[in-house]
$ cat model20.csv   # CSV, C-alpha atoms
chain,number,residue,atom,x,y,z
A,24,MET,CA,45.5,5.8,-38.7
A,25,ARG,CA,43.4,8.0,-40.9
A,26,LEU,CA,39.7,7.8,-40.6
A,27,THR,CA,37.4,8.5,-43.6
A,28,GLY,CA,34.4,10.8,-43.1
A,29,MET,CA,32.1,7.8,-42.9
A,30,GLN,CA,34.3,6.1,-40.2
A,31,LYS,CA,34.3,9.3,-38.1
A,32,ALA,CA,30.6,9.6,-38.4
A,33,LEU,CA,30.2,6.0,-37.3
A,34,TRP,CA,32.5,6.4,-34.3
A,35,ALA,CA,30.6,9.5,-33.3
A,36,ALA,CA,27.3,7.7,-33.5
A,37,ALA,CA,28.7,4.8,-31.4
A,38,GLY,CA,29.9,7.3,-28.8
A,39,ILE,CA,26.5,9.0,-28.6
A,40,ALA,CA,24.8,5.6,-28.3
A,41,VAL,CA,27.1,4.6,-25.4
A,42,LEU,CA,26.5,7.9,-23.6
A,43,ALA,CA,22.7,7.5,-24.2
A,44,TYR,CA,22.8,4.0,-22.8
A,45,ALA,CA,24.8,5.1,-19.7
A,46,THR,CA,22.3,7.9,-19.1
A,47,LEU,CA,19.5,5.4,-19.4
A,48,LEU,CA,21.1,3.1,-16.8
A,49,ARG,CA,21.8,6.0,-14.4
A,50,ASP,CA,18.3,7.4,-14.7
A,51,ALA,CA,16.8,4.0,-14.1
A,52,GLY,CA,17.9,4.6,-10.5
A,53,PRO,CA,17.7,2.0,-7.8
A,54,SER,CA,15.1,-0.1,-9.6
A,55,PRO,CA,16.6,-3.6,-9.8
A,56,GLY,CA,15.0,-4.3,-13.2
A,57,PHE,CA,17.6,-2.3,-15.1
A,58,VAL,CA,20.7,-4.0,-13.8
A,59,ALA,CA,22.8,-4.7,-16.8
A,60,GLY,CA,24.5,-8.0,-17.5
A,61,ALA,CA,24.3,-10.9,-15.1
A,62,PRO,CA,21.1,-12.5,-13.8
A,63,PHE,CA,19.9,-11.0,-10.5
A,64,HIS,CA,19.0,-13.4,-7.7
A,65,PRO,CA,17.8,-11.4,-4.7
A,66,THR,CA,17.6,-13.5,-1.6
A,67,PHE,CA,16.6,-13.5,2.1
A,68,SER,CA,16.8,-15.7,5.1
A,69,LEU,CA,14.0,-14.8,7.5
A,70,PRO,CA,11.8,-16.5,10.0
A,71,ASP,CA,8.0,-16.8,9.7
A,72,GLU,CA,5.9,-16.3,12.8
A,73,THR,CA,6.6,-19.8,14.0
A,74,GLY,CA,10.3,-19.2,13.9
A,75,ARG,CA,10.9,-21.4,10.8
A,76,LEU,CA,13.8,-19.8,8.8
A,77,LEU,CA,12.8,-19.5,5.2
A,78,SER,CA,14.7,-18.5,2.0
A,79,PRO,CA,13.7,-18.4,-1.7
A,80,SER,CA,14.8,-22.0,-2.3
A,81,ASP,CA,12.3,-23.3,0.4
A,82,PHE,CA,9.2,-22.6,-1.8
A,83,GLY,CA,9.5,-25.5,-4.2
A,84,GLY,CA,9.9,-23.7,-7.5
A,85,LYS,CA,7.0,-21.4,-7.0
A,86,HIS,CA,7.0,-17.8,-8.3
A,87,LEU,CA,7.4,-15.4,-5.3
A,88,LEU,CA,5.5,-12.2,-5.1
A,89,VAL,CA,7.4,-10.2,-2.5
A,90,PHE,CA,6.3,-7.0,-0.7
A,91,PHE,CA,8.3,-5.1,1.9
A,92,GLY,CA,6.1,-3.3,4.4
A,93,PHE,CA,5.0,-2.9,8.0
A,94,THR,CA,1.7,-3.6,9.6
A,95,ASN,CA,1.3,-0.2,11.2
A,96,CYS,CA,1.2,1.4,7.8
A,97,PRO,CA,-2.4,2.4,7.2
A,98,ASP,CA,-2.5,3.3,3.6
A,99,VAL,CA,0.0,1.8,1.2
A,100,CYS,CA,0.5,-1.6,2.8
A,101,PRO,CA,-3.2,-2.6,3.1
A,102,THR,CA,-3.9,-1.4,-0.4
A,103,THR,CA,-1.1,-3.5,-1.9
A,104,LEU,CA,-1.9,-6.6,0.2
A,105,ALA,CA,-5.6,-6.2,-0.9
A,106,GLU,CA,-4.4,-6.3,-4.5
A,107,VAL,CA,-2.2,-9.3,-3.8
A,108,ALA,CA,-5.2,-11.1,-2.2
A,109,GLN,CA,-7.4,-10.3,-5.2
A,110,VAL,CA,-4.7,-11.7,-7.5
A,111,MET,CA,-4.4,-14.9,-5.5
A,112,ASP,CA,-8.2,-15.4,-5.6
A,113,ASP,CA,-8.4,-14.7,-9.3
A,114,LEU,CA,-5.5,-17.1,-10.1
A,115,GLY,CA,-7.9,-20.0,-9.2
A,116,PRO,CA,-6.2,-23.3,-9.8
A,117,ASP,CA,-2.8,-21.6,-10.6
A,118,ALA,CA,-2.7,-20.0,-7.1
A,119,GLY,CA,-0.6,-22.9,-5.9
A,120,LYS,CA,2.2,-21.8,-8.2
A,121,VAL,CA,2.6,-18.4,-6.6
A,122,GLN,CA,3.7,-17.7,-3.1
A,123,PRO,CA,3.0,-14.2,-1.8
A,124,LEU,CA,5.4,-13.0,0.9
A,125,PHE,CA,5.2,-10.0,3.2
A,126,ILE,CA,8.6,-9.1,4.5
A,127,SER,CA,8.4,-6.9,7.6
A,128,ILE,CA,10.7,-3.8,7.7
A,129,ASP,CA,9.5,-3.2,11.2
A,130,PRO,CA,10.0,-6.7,12.5
A,131,GLU,CA,10.2,-6.2,16.3
A,132,ARG,CA,6.9,-4.3,16.5
A,133,ASP,CA,5.2,-6.5,13.9
A,134,ARG,CA,6.1,-9.6,15.8
A,135,ARG,CA,4.6,-8.0,18.9
A,136,LEU,CA,1.4,-7.0,17.1
A,137,GLY,CA,1.1,-10.3,15.3
A,138,LEU,CA,2.2,-10.7,11.7
A,139,ALA,CA,0.3,-13.9,10.8
A,140,ASP,CA,-3.1,-12.6,11.9
A,141,PHE,CA,-2.5,-9.5,9.8
A,142,THR,CA,-1.5,-11.3,6.6
A,143,ALA,CA,-4.2,-13.9,7.0
A,144,ALA,CA,-6.8,-11.2,7.2
A,145,PHE,CA,-6.0,-10.3,3.6
A,146,HIS,CA,-5.4,-13.8,2.3
A,147,PRO,CA,-4.4,-17.1,4.0
A,148,ALA,CA,-1.8,-17.8,1.3
A,149,ILE,CA,0.3,-14.7,2.3
A,150,ILE,CA,3.3,-15.6,4.5
A,151,GLY,CA,4.7,-12.9,6.8
A,152,LEU,CA,8.4,-12.9,7.5
A,153,ALA,CA,10.0,-10.9,10.3
A,154,GLY,CA,13.7,-11.3,11.1
A,155,ASP,CA,16.1,-9.4,13.3
A,156,ALA,CA,17.5,-6.1,12.2
A,157,ALA,CA,20.5,-7.6,10.4
A,158,GLN,CA,18.5,-10.2,8.5
A,159,THR,CA,16.0,-7.5,7.5
A,160,ARG,CA,18.7,-5.2,6.3
A,161,ALA,CA,20.4,-8.0,4.4
A,162,ALA,CA,17.1,-8.9,2.6
A,163,ALA,CA,16.4,-5.3,1.6
A,164,ASP,CA,20.0,-4.8,0.4
A,165,SER,CA,19.8,-8.0,-1.6
A,166,PHE,CA,16.6,-6.8,-3.3
A,167,ARG,CA,18.2,-3.3,-3.6
A,168,ILE,CA,15.3,-1.7,-2.0
A,169,HIS,CA,15.2,1.3,0.4
A,170,PHE,CA,13.7,1.5,3.9
A,171,ALA,CA,14.5,3.9,6.6
A,172,ARG,CA,13.1,4.5,10.1
A,173,GLU,CA,12.0,8.1,10.5
A,174,ASN,CA,11.4,9.7,13.8
A,175,ASP,CA,8.0,11.3,14.0
A,176,ALA,CA,6.7,12.4,17.4
A,177,THR,CA,3.1,12.3,16.1
A,178,ALA,CA,3.4,8.7,14.8
A,179,PRO,CA,2.6,5.6,16.9
A,180,ASP,CA,5.6,4.8,19.1
A,181,GLY,CA,7.3,7.9,17.8
A,182,TYR,CA,8.4,6.6,14.4
A,183,THR,CA,7.3,5.7,10.9
A,184,ILE,CA,9.1,4.0,8.1
A,185,SER,CA,9.6,5.1,4.5
A,186,HIS,CA,10.0,2.3,2.1
A,187,SER,CA,10.0,1.1,-1.5
A,188,PRO,CA,6.3,0.2,-2.1
A,189,ALA,CA,6.6,-2.0,-5.2
A,190,LEU,CA,5.8,-5.7,-5.5
A,191,TYR,CA,8.7,-7.9,-6.7
A,192,LEU,CA,8.3,-11.0,-8.8
A,193,ILE,CA,10.9,-13.8,-8.3
A,194,GLY,CA,11.0,-16.7,-10.7
A,195,PRO,CA,11.0,-20.4,-9.8
A,196,GLU,CA,14.9,-20.5,-10.0
A,197,GLY,CA,15.2,-17.5,-7.7
A,198,ASP,CA,15.8,-15.1,-10.6
A,199,TRP,CA,14.4,-11.6,-10.4
A,200,LEU,CA,11.7,-11.2,-13.1
A,201,ARG,CA,10.2,-7.8,-12.6
A,202,GLN,CA,8.6,-5.3,-10.3
A,203,PHE,CA,5.0,-4.0,-10.2
A,204,THR,CA,5.1,-0.4,-9.2
A,205,TYR,CA,2.8,0.8,-6.4
A,206,GLY,CA,-0.8,1.1,-7.7
A,207,THR,CA,-0.5,-1.5,-10.5
A,208,PRO,CA,-4.0,-2.8,-10.8
A,209,ALA,CA,-4.6,-6.4,-9.7
A,210,SER,CA,-5.9,-7.3,-13.2
A,211,GLU,CA,-2.5,-6.3,-14.7
A,212,ILE,CA,-0.5,-8.3,-12.2
A,213,LEU,CA,-2.8,-11.3,-12.8
A,214,ALA,CA,-2.4,-11.1,-16.6
A,215,ASP,CA,1.4,-10.9,-16.2
A,216,LEU,CA,1.4,-14.0,-13.9
A,217,ARG,CA,-0.9,-15.9,-16.1
A,218,SER,CA,1.5,-15.4,-19.1
A,219,ARG,CA,4.3,-17.0,-17.0
A,220,LEU,CA,2.6,-19.9,-15.3
B,9,MET,CA,-39.0,-17.1,13.5
B,10,LYS,CA,-35.3,-17.9,13.1
B,11,THR,CA,-35.5,-16.8,9.5
B,12,LEU,CA,-37.2,-13.6,10.4
B,13,ALA,CA,-34.6,-12.7,13.0
B,14,PHE,CA,-31.9,-13.6,10.5
B,15,SER,CA,-33.3,-11.4,7.8
B,16,ALA,CA,-33.7,-8.6,10.3
B,17,ILE,CA,-30.0,-8.8,11.1
B,18,LEU,CA,-29.2,-9.0,7.4
B,19,SER,CA,-31.1,-5.8,6.6
B,20,LEU,CA,-29.4,-3.9,9.4
B,21,THR,CA,-26.1,-5.0,8.1
B,22,ALA,CA,-27.0,-4.1,4.6
B,23,SER,CA,-28.2,-0.6,5.6
B,24,ALA,CA,-25.0,0.0,7.5
B,25,ALA,CA,-22.9,-1.1,4.5
B,26,PHE,CA,-24.7,1.2,2.2
B,27,ALA,CA,-25.1,4.2,4.4
B,28,CYS,CA,-22.8,6.2,2.2
B,29,GLU,CA,-24.2,9.4,3.5
B,30,THR,CA,-23.8,12.6,1.7
B,31,VAL,CA,-23.4,15.7,3.9
B,32,THR,CA,-23.5,19.3,2.9
B,33,LEU,CA,-21.8,22.2,4.7
B,34,GLY,CA,-22.3,25.5,2.9
B,35,ASP,CA,-20.7,25.0,-0.6
B,36,LEU,CA,-19.0,21.7,0.4
B,37,ILE,CA,-20.4,18.3,-0.3
B,38,ILE,CA,-18.8,15.4,1.6
B,39,GLN,CA,-19.5,11.8,0.5
B,40,ASN,CA,-18.2,8.2,0.2
B,41,ALA,CA,-16.6,8.2,3.7
B,42,TRP,CA,-15.1,4.8,4.4
B,43,SER,CA,-12.5,3.0,6.4
B,44,ARG,CA,-11.0,-0.4,6.7
B,45,ALA,CA,-11.6,-2.9,9.5
B,46,THR,CA,-8.7,-3.4,11.8
B,47,ILE,CA,-7.5,-6.4,13.9
B,48,GLY,CA,-7.7,-5.1,17.4
B,49,ALA,CA,-6.9,-1.5,18.3
B,50,GLY,CA,-3.1,-1.7,18.3
B,51,ARG,CA,-2.6,-0.5,14.7
B,52,PRO,CA,-3.9,2.8,13.2
B,53,GLY,CA,-7.1,2.9,11.2
B,54,VAL,CA,-7.6,4.9,8.0
B,55,LEU,CA,-10.2,7.4,6.8
B,56,TYR,CA,-11.0,8.1,3.1
B,57,LEU,CA,-13.7,10.4,1.7
B,58,GLU,CA,-14.5,12.9,-1.1
B,59,ILE,CA,-15.0,16.6,-0.7
B,60,THR,CA,-16.6,18.7,-3.5
B,61,ASN,CA,-16.3,22.5,-3.3
B,62,LYS,CA,-19.2,23.9,-5.3
B,63,GLY,CA,-18.5,27.5,-4.3
B,64,SER,CA,-16.1,30.1,-5.7
B,65,THR,CA,-13.9,30.3,-2.6
B,66,ASP,CA,-11.0,28.0,-1.9
B,67,ASP,CA,-11.3,26.1,1.4
B,68,ALA,CA,-9.1,23.5,3.1
B,69,LEU,CA,-9.6,20.5,5.4
B,70,VAL,CA,-7.5,21.4,8.4
B,71,GLY,CA,-8.3,18.8,11.0
B,72,ILE,CA,-10.3,15.7,11.9
B,73,ALA,CA,-11.8,14.5,15.2
B,74,THR,CA,-13.5,11.2,16.1
B,75,PRO,CA,-14.5,9.3,19.2
B,76,ALA,CA,-13.1,6.2,17.4
B,77,ALA,CA,-9.5,7.4,17.9
B,78,GLY,CA,-7.4,9.3,20.4
B,79,MET,CA,-5.2,10.8,17.9
B,80,PRO,CA,-6.6,11.3,14.4
B,81,MET,CA,-4.4,13.2,11.9
B,82,LEU,CA,-4.3,14.1,8.3
B,83,HIS,CA,-1.5,12.4,6.3
B,84,GLU,CA,-0.4,12.2,2.7
B,85,THR,CA,1.3,9.3,1.1
B,86,VAL,CA,4.1,10.5,-1.2
B,87,VAL,CA,5.9,8.2,-3.5
B,88,SER,CA,9.1,9.9,-4.7
B,89,ASN,CA,12.0,8.2,-6.5
B,90,GLY,CA,10.4,4.9,-5.8
B,91,VAL,CA,10.1,5.4,-2.0
B,92,ALA,CA,6.8,5.9,-0.2
B,93,SER,CA,6.7,8.1,2.9
B,94,MET,CA,3.8,9.5,4.8
B,95,PRO,CA,4.3,13.0,6.0
B,96,HIS,CA,1.8,14.7,8.2
B,97,ALA,CA,-0.4,17.0,6.1
B,98,MET,CA,-1.1,20.3,7.8
B,99,ALA,CA,-4.1,20.8,5.5
B,100,VAL,CA,-5.8,19.3,2.5
B,101,PRO,CA,-6.6,22.0,0.0
B,102,VAL,CA,-10.2,22.0,-1.3
B,103,PRO,CA,-10.0,24.5,-4.2
B,104,ALA,CA,-13.2,26.2,-5.5
B,105,GLY,CA,-15.0,24.2,-8.1
B,106,GLN,CA,-13.0,21.0,-7.5
B,107,THR,CA,-13.4,17.6,-5.9
B,108,VAL,CA,-10.7,16.4,-3.7
B,109,ALA,CA,-10.4,12.7,-2.6
B,110,LEU,CA,-8.8,11.3,0.5
B,111,ALA,CA,-8.0,8.0,-1.2
B,112,PRO,CA,-5.6,5.1,-1.1
B,113,GLY,CA,-2.1,6.2,-2.1
B,114,GLY,CA,-2.7,10.0,-1.4
B,115,TYR,CA,-4.3,12.1,1.3
B,116,HIS,CA,-5.9,10.1,4.1
B,117,GLY,CA,-6.9,10.4,7.7
B,118,MET,CA,-4.7,8.3,10.0
B,119,LEU,CA,-6.6,7.2,13.0
B,120,MET,CA,-4.0,6.5,15.7
B,121,ASP,CA,-4.7,5.3,19.2
B,122,LEU,CA,-8.0,3.6,18.2
B,123,THR,CA,-10.6,3.4,21.0
B,124,ALA,CA,-11.6,-0.1,19.8
B,125,ALA,CA,-11.1,-2.3,16.8
B,126,LEU,CA,-13.0,-1.1,13.7
B,127,LYS,CA,-15.3,-3.9,12.7
B,128,GLU,CA,-16.6,-4.5,9.1
B,129,GLY,CA,-20.2,-3.4,8.7
B,130,GLU,CA,-20.1,-0.8,11.6
B,131,THR,CA,-20.0,2.9,11.3
B,132,PHE,CA,-18.3,5.7,13.3
B,133,PRO,CA,-18.6,9.5,13.2
B,134,VAL,CA,-15.8,11.8,12.1
B,135,THR,CA,-15.9,15.6,12.5
B,136,LEU,CA,-14.2,17.5,9.7
B,137,MET,CA,-12.8,20.9,10.4
B,138,PHE,CA,-12.5,23.3,7.5
B,139,GLN,CA,-10.6,26.6,7.4
B,140,THR,CA,-13.6,28.6,6.1
B,141,ALA,CA,-16.8,26.5,6.1
B,142,GLY,CA,-16.5,25.4,9.7
B,143,GLU,CA,-17.2,21.9,11.1
B,144,VAL,CA,-19.4,19.0,10.0
B,145,THR,CA,-19.8,15.5,11.2
B,146,VAL,CA,-20.0,12.6,8.7
B,147,THR,CA,-20.7,8.9,9.1
B,148,VAL,CA,-17.9,6.6,8.1
B,149,ASP,CA,-18.6,3.0,6.8
B,150,VAL,CA,-16.2,0.4,8.0
B,151,LEU,CA,-15.5,-1.9,5.1
B,152,SER,CA,-13.4,-5.1,4.8
B,153,MET,CA,-9.6,-5.0,5.3
B,154,ARG,CA,-9.4,-5.8,1.6
B,155,ALA,CA,-11.6,-2.9,0.4
B,156,GLU,CA,-10.0,-0.7,-2.1
B,157,GLY,CA,-12.7,1.9,-2.5
B,158,PRO,CA,-16.1,3.0,-1.2
B,159,ASP,CA,-18.9,0.5,-1.3
B,160,CYS,CA,-21.8,2.8,-2.4
B,161,ALA,CA,-24.3,2.3,-5.2
B,162,ASP,CA,-23.6,5.8,-6.2
B,163,ALA,CA,-19.9,5.8,-5.7
B,164,GLY,CA,-17.9,7.9,-8.0
B,165,GLN,CA,-20.9,9.9,-9.2
$ encode --input "model20.csv" --output "structure tokens"
Amino acid sequence: MRLTGMQKALWAAAGIAVLAYATLLRDAGPSPGFVAGAPFHPTFSLPDETGRLLSPSDFGGKHLLVFFGFTNCPDVCPTTLAEVAQVMDDLGPDAGKVQPLFISIDPERDRRLGLADFTAAFHPAIIGLAGDAAQTRAAADSFRIHFARENDATAPDGYTISHSPALYLIGPEGDWLRQFTYGTPASEILADLRSRL
Amino acid sequence: MKTLAFSAILSLTASAAFACETVTLGDLIIQNAWSRATIGAGRPGVLYLEITNKGSTDDALVGIATPAAGMPMLHETVVSNGVASMPHAMAVPVPAGQTVALAPGGYHGMLMDLTAALKEGETFPVTLMFQTAGEVTVTVDVLSMRAEGPDCADAGQ
């Protein structure tokens, strides 16, 4: 088969476009928002403080605002939960359509310290979930987020936890909608939610 | 009488909430020191403040001490490749002519082994140790768990 000059140029352009797209996907890294193709339905099955096992389908078609954190985290986690609390207050009558969830990545210690008291101090609507190690890892893997226990002799109990600090928005059908990177102002999260509710 | 007692309590609370002390140590000005209330003493507290270096010599915050916590340390939240970690900071640089903030998402004091719960409206002292300027004690305002910044009339000025 002989290609004309124009055909060669078009094939070359198509090749460059494919490469560029591949680079874009690769550079997007672990962020779930850039998964090409099929819809993404991250899931979890985790108990709340009363031991009730909950998964995304238990929230009656609400939007889920999901944060992975731990209560011994003094800086990032309170800052994000404070923003979530502000968003819930500002949603007013629409607040009932959004369920904020705090998934503990330090479940054993958080259960001991009291997860519900902690989340309630920020906002009564926030539900804290703390499973066992396998349930927690399964939830994180499903959301494609990172967390790792890091030994640190100077930290409380000798360890701290590095983790993905973003907020994840899950739609009423359990479909992944987007993430809000750490530090996204409450007003921006609010505006995004309002546009969907 | 009841009203009088109530307004007396209110004014005490108000003055505590707006203490927002500014402290000077040589060329350094320290202000907007605040912390968040804690539930009990089982989890670490936090310390945020601003340091302005008006001089022409670089300095650094190298340590903190407080009766409020058995093990206060300087930390820095680092978000890298979408993962937040919190390494121990050996020192917080305070370059000449600049203002450095210990603020949410960056440098902060981590107050481990709290002596008692930090209660909203209360204050506690923290001694800051600088490489060159020496030591100074500032008063820290304990704000709500939901606070995201200092609660001072002159905050940010």
$ interface_residues --input "model20.csv" --of "chain B" --to "chain A" --cutoff "6 Å" --atoms "all atoms listed in the file" --output "NGL selection string"
:B and (51 or 54 or 90-93 or 112-113 or 154)
$ closest_residue --input "model20.csv" --among "A:Pro147, A:Pro195, A:Pro130, A:Gly154" --to "Asp112 in chain A" --atoms "all atoms listed in the file"
A:Pro147
$ atom_distance --input "model20.csv" --atom1 "CA of Met137 in chain B" --atom2 "CA of Pro101 in chain B"
12.2 Å
$ atom_distance --input "model20.csv" --atom1 "CA of Ile128 in chain A" --atom2 "CA of Phe90 in chain A"
10.0 Å
$ residues_near_point --input "model20.csv" --point "(-4.9, 8.1, 15.4)" --cutoff "7 Å" --atoms "all atoms listed in the file" --output "list in words"
Pro52, Ala77, Gly78, Met79, Pro80, Met81, Met118, Leu119, Met120, Asp121 and Leu122 of chain B
$ residues_around --input "model20.csv" --residues "Ser43 in chain B" --least-positions-apart "5" --cutoff "8 Å" --atoms "all atoms listed in the file" --output "list of chain:residue names"
B:Gly53, B:Val54, B:Leu55, B:Tyr56, B:Val148, B:Asp149, B:Val150, B:Leu151
$ write_last_selection --input "model20.csv" --atoms "C-alpha atoms" --output "PDB file, keeping the file's coordinate frame"
ATOM      1  CA  GLY B  53      -7.100   2.900  11.200  1.00  0.00           C
ATOM      2  CA  VAL B  54      -7.600   4.900   8.000  1.00  0.00           C
ATOM      3  CA  LEU B  55     -10.200   7.400   6.800  1.00  0.00           C
ATOM      4  CA  TYR B  56     -11.000   8.100   3.100  1.00  0.00           C
ATOM      5  CA  VAL B 148     -17.900   6.600   8.100  1.00  0.00           C
ATOM      6  CA  ASP B 149     -18.600   3.000   6.800  1.00  0.00           C
ATOM      7  CA  VAL B 150     -16.200   0.400   8.000  1.00  0.00           C
ATOM      8  CA  LEU B 151     -15.500  -1.900   5.100  1.00  0.00           C
TER       9      LEU B 151
END
$ closest_residue --input "model20.csv" --among "A:Leu124, A:Leu220, A:Ala156, A:Ala161" --to "Phe82 in chain A" --atoms "only C-alpha atoms"
A:Leu124
$ atom_distance --input "model20.csv" --atom1 "CA of Thr135 in chain B" --atom2 "CA of Gly71 in chain B"
8.4 Å
$ residues_around --input "model20.csv" --residues "Gly83 in chain A" --least-positions-apart "3" --cutoff "10 Å" --atoms "all atoms listed in the file" --output "PyMOL selection string"
chain A and resi 79-80+86+120+122+195-196
$ axis_aligned_box --input "model20.csv" --around "range 184-200 of chain A" --padding-each-side "6 Å" --output "AutoDock Vina command-line options"
--center_x 10.8 --center_y -7.7 --center_z -2.5 --size_x 22.0 --size_y 37.6 --size_z 33.2
$ residues_near_point --input "model20.csv" --point "(-3.2, 10.0, -4.7)" --cutoff "10 Å" --atoms "only C-alpha atoms" --output "list of chain:residue names"
A:Gly206, B:Glu84, B:Thr85, B:Val86, B:Val87, B:Val108, B:Ala109, B:Leu110, B:Ala111, B:Pro112, B:Gly113, B:Gly114, B:Tyr115, B:His116
$ write_last_selection --input "model20.csv" --atoms "C-alpha atoms" --output "PDB file, keeping the file's coordinate frame"
ATOM      1  CA  GLY A 206      -0.800   1.100  -7.700  1.00  0.00           C
TER       2      GLY A 206
ATOM      3  CA  GLU B  84      -0.400  12.200   2.700  1.00  0.00           C
ATOM      4  CA  THR B  85       1.300   9.300   1.100  1.00  0.00           C
ATOM      5  CA  VAL B  86       4.100  10.500  -1.200  1.00  0.00           C
ATOM      6  CA  VAL B  87       5.900   8.200  -3.500  1.00  0.00           C
ATOM      7  CA  VAL B 108     -10.700  16.400  -3.700  1.00  0.00           C
ATOM      8  CA  ALA B 109     -10.400  12.700  -2.600  1.00  0.00           C
ATOM      9  CA  LEU B 110      -8.800  11.300   0.500  1.00  0.00           C
ATOM     10  CA  ALA B 111      -8.000   8.000  -1.200  1.00  0.00           C
ATOM     11  CA  PRO B 112      -5.600   5.100  -1.100  1.00  0.00           C
ATOM     12  CA  GLY B 113      -2.100   6.200  -2.100  1.00  0.00           C
ATOM     13  CA  GLY B 114      -2.700  10.000  -1.400  1.00  0.00           C
ATOM     14  CA  TYR B 115      -4.300  12.100   1.300  1.00  0.00           C
ATOM     15  CA  HIS B 116      -5.900  10.100   4.100  1.00  0.00           C
TER      16      HIS B 116
END
$ closest_residue --input "model20.csv" --among "A:Ala118, A:Leu88, A:Ala153, A:Ala162" --to "Arg75 in chain A" --atoms "only C-alpha atoms"
A:Ala153
$ closest_residue --input "model20.csv" --among "B:Met94, B:Val31, B:Gly129, B:Ala141" --to "Asn174 in chain A" --atoms "all atoms listed in the file"
B:Met94
$ build_atoms --input "model20.csv" --residues "range 70-85 of chain A" --atoms "N, CA and C atoms" --output "PDB file, in the coordinates of the input"
ATOM      1  N   PRO A  70      12.749 -15.626   9.399  1.00  0.00           N
ATOM      2  CA  PRO A  70      11.800 -16.500  10.000  1.00  0.00           C
ATOM      3  C   PRO A  70      10.339 -16.089   9.816  1.00  0.00           C
ATOM      4  N   ASP A  71       9.450 -17.082   9.693  1.00  0.00           N
ATOM      5  CA  ASP A  71       8.000 -16.800   9.700  1.00  0.00           C
ATOM      6  C   ASP A  71       7.608 -16.669  11.200  1.00  0.00           C
ATOM      7  N   GLU A  72       6.302 -16.547  11.435  1.00  0.00           N
ATOM      8  CA  GLU A  72       5.900 -16.300  12.800  1.00  0.00           C
ATOM      9  C   GLU A  72       6.168 -17.466  13.755  1.00  0.00           C
ATOM     10  N   THR A  73       6.277 -18.667  13.181  1.00  0.00           N
ATOM     11  CA  THR A  73       6.600 -19.800  14.000  1.00  0.00           C
ATOM     12  C   THR A  73       8.057 -19.994  14.291  1.00  0.00           C
ATOM     13  N   GLY A  74       8.886 -19.131  13.676  1.00  0.00           N
ATOM     14  CA  GLY A  74      10.300 -19.200  13.900  1.00  0.00           C
ATOM     15  C   GLY A  74      11.061 -20.021  12.854  1.00  0.00           C
ATOM     16  N   ARG A  75      10.320 -20.574  11.894  1.00  0.00           N
ATOM     17  CA  ARG A  75      10.900 -21.400  10.800  1.00  0.00           C
ATOM     18  C   ARG A  75      11.682 -20.430   9.864  1.00  0.00           C
ATOM     19  N   LEU A  76      12.986 -20.689   9.682  1.00  0.00           N
ATOM     20  CA  LEU A  76      13.800 -19.800   8.800  1.00  0.00           C
ATOM     21  C   LEU A  76      13.564 -20.182   7.358  1.00  0.00           C
ATOM     22  N   LEU A  77      13.183 -19.198   6.568  1.00  0.00           N
ATOM     23  CA  LEU A  77      12.800 -19.500   5.200  1.00  0.00           C
ATOM     24  C   LEU A  77      13.696 -18.628   4.225  1.00  0.00           C
ATOM     25  N   SER A  78      14.055 -19.221   3.097  1.00  0.00           N
ATOM     26  CA  SER A  78      14.700 -18.500   2.000  1.00  0.00           C
ATOM     27  C   SER A  78      14.103 -18.875   0.695  1.00  0.00           C
ATOM     28  N   PRO A  79      14.428 -18.187  -0.394  1.00  0.00           N
ATOM     29  CA  PRO A  79      13.700 -18.400  -1.700  1.00  0.00           C
ATOM     30  C   PRO A  79      13.675 -19.874  -2.100  1.00  0.00           C
ATOM     31  N   SER A  80      14.727 -20.640  -1.795  1.00  0.00           N
ATOM     32  CA  SER A  80      14.800 -22.000  -2.300  1.00  0.00           C
ATOM     33  C   SER A  80      13.803 -22.941  -1.500  1.00  0.00           C
ATOM     34  N   ASP A  81      13.177 -22.419  -0.441  1.00  0.00           N
ATOM     35  CA  ASP A  81      12.300 -23.300   0.400  1.00  0.00           C
ATOM     36  C   ASP A  81      10.842 -23.297  -0.211  1.00  0.00           C
ATOM     37  N   PHE A  82      10.624 -22.641  -1.342  1.00  0.00           N
ATOM     38  CA  PHE A  82       9.200 -22.600  -1.800  1.00  0.00           C
ATOM     39  C   PHE A  82       8.990 -23.431  -3.044  1.00  0.00           C
ATOM     40  N   GLY A  83       9.813 -24.440  -3.211  1.00  0.00           N
ATOM     41  CA  GLY A  83       9.500 -25.500  -4.200  1.00  0.00           C
ATOM     42  C   GLY A  83       9.231 -25.040  -5.583  1.00  0.00           C
ATOM     43  N   GLY A  84      10.030 -24.123  -6.106  1.00  0.00           N
ATOM     44  CA  GLY A  84       9.900 -23.700  -7.500  1.00  0.00           C
ATOM     45  C   GLY A  84       8.655 -22.885  -7.795  1.00  0.00           C
ATOM     46  N   LYS A  85       8.078 -22.281  -6.759  1.00  0.00           N
ATOM     47  CA  LYS A  85       7.000 -21.400  -7.000  1.00  0.00           C
ATOM     48  C   LYS A  85       7.505 -19.996  -7.437  1.00  0.00           C
TER      49      LYS A  85
END
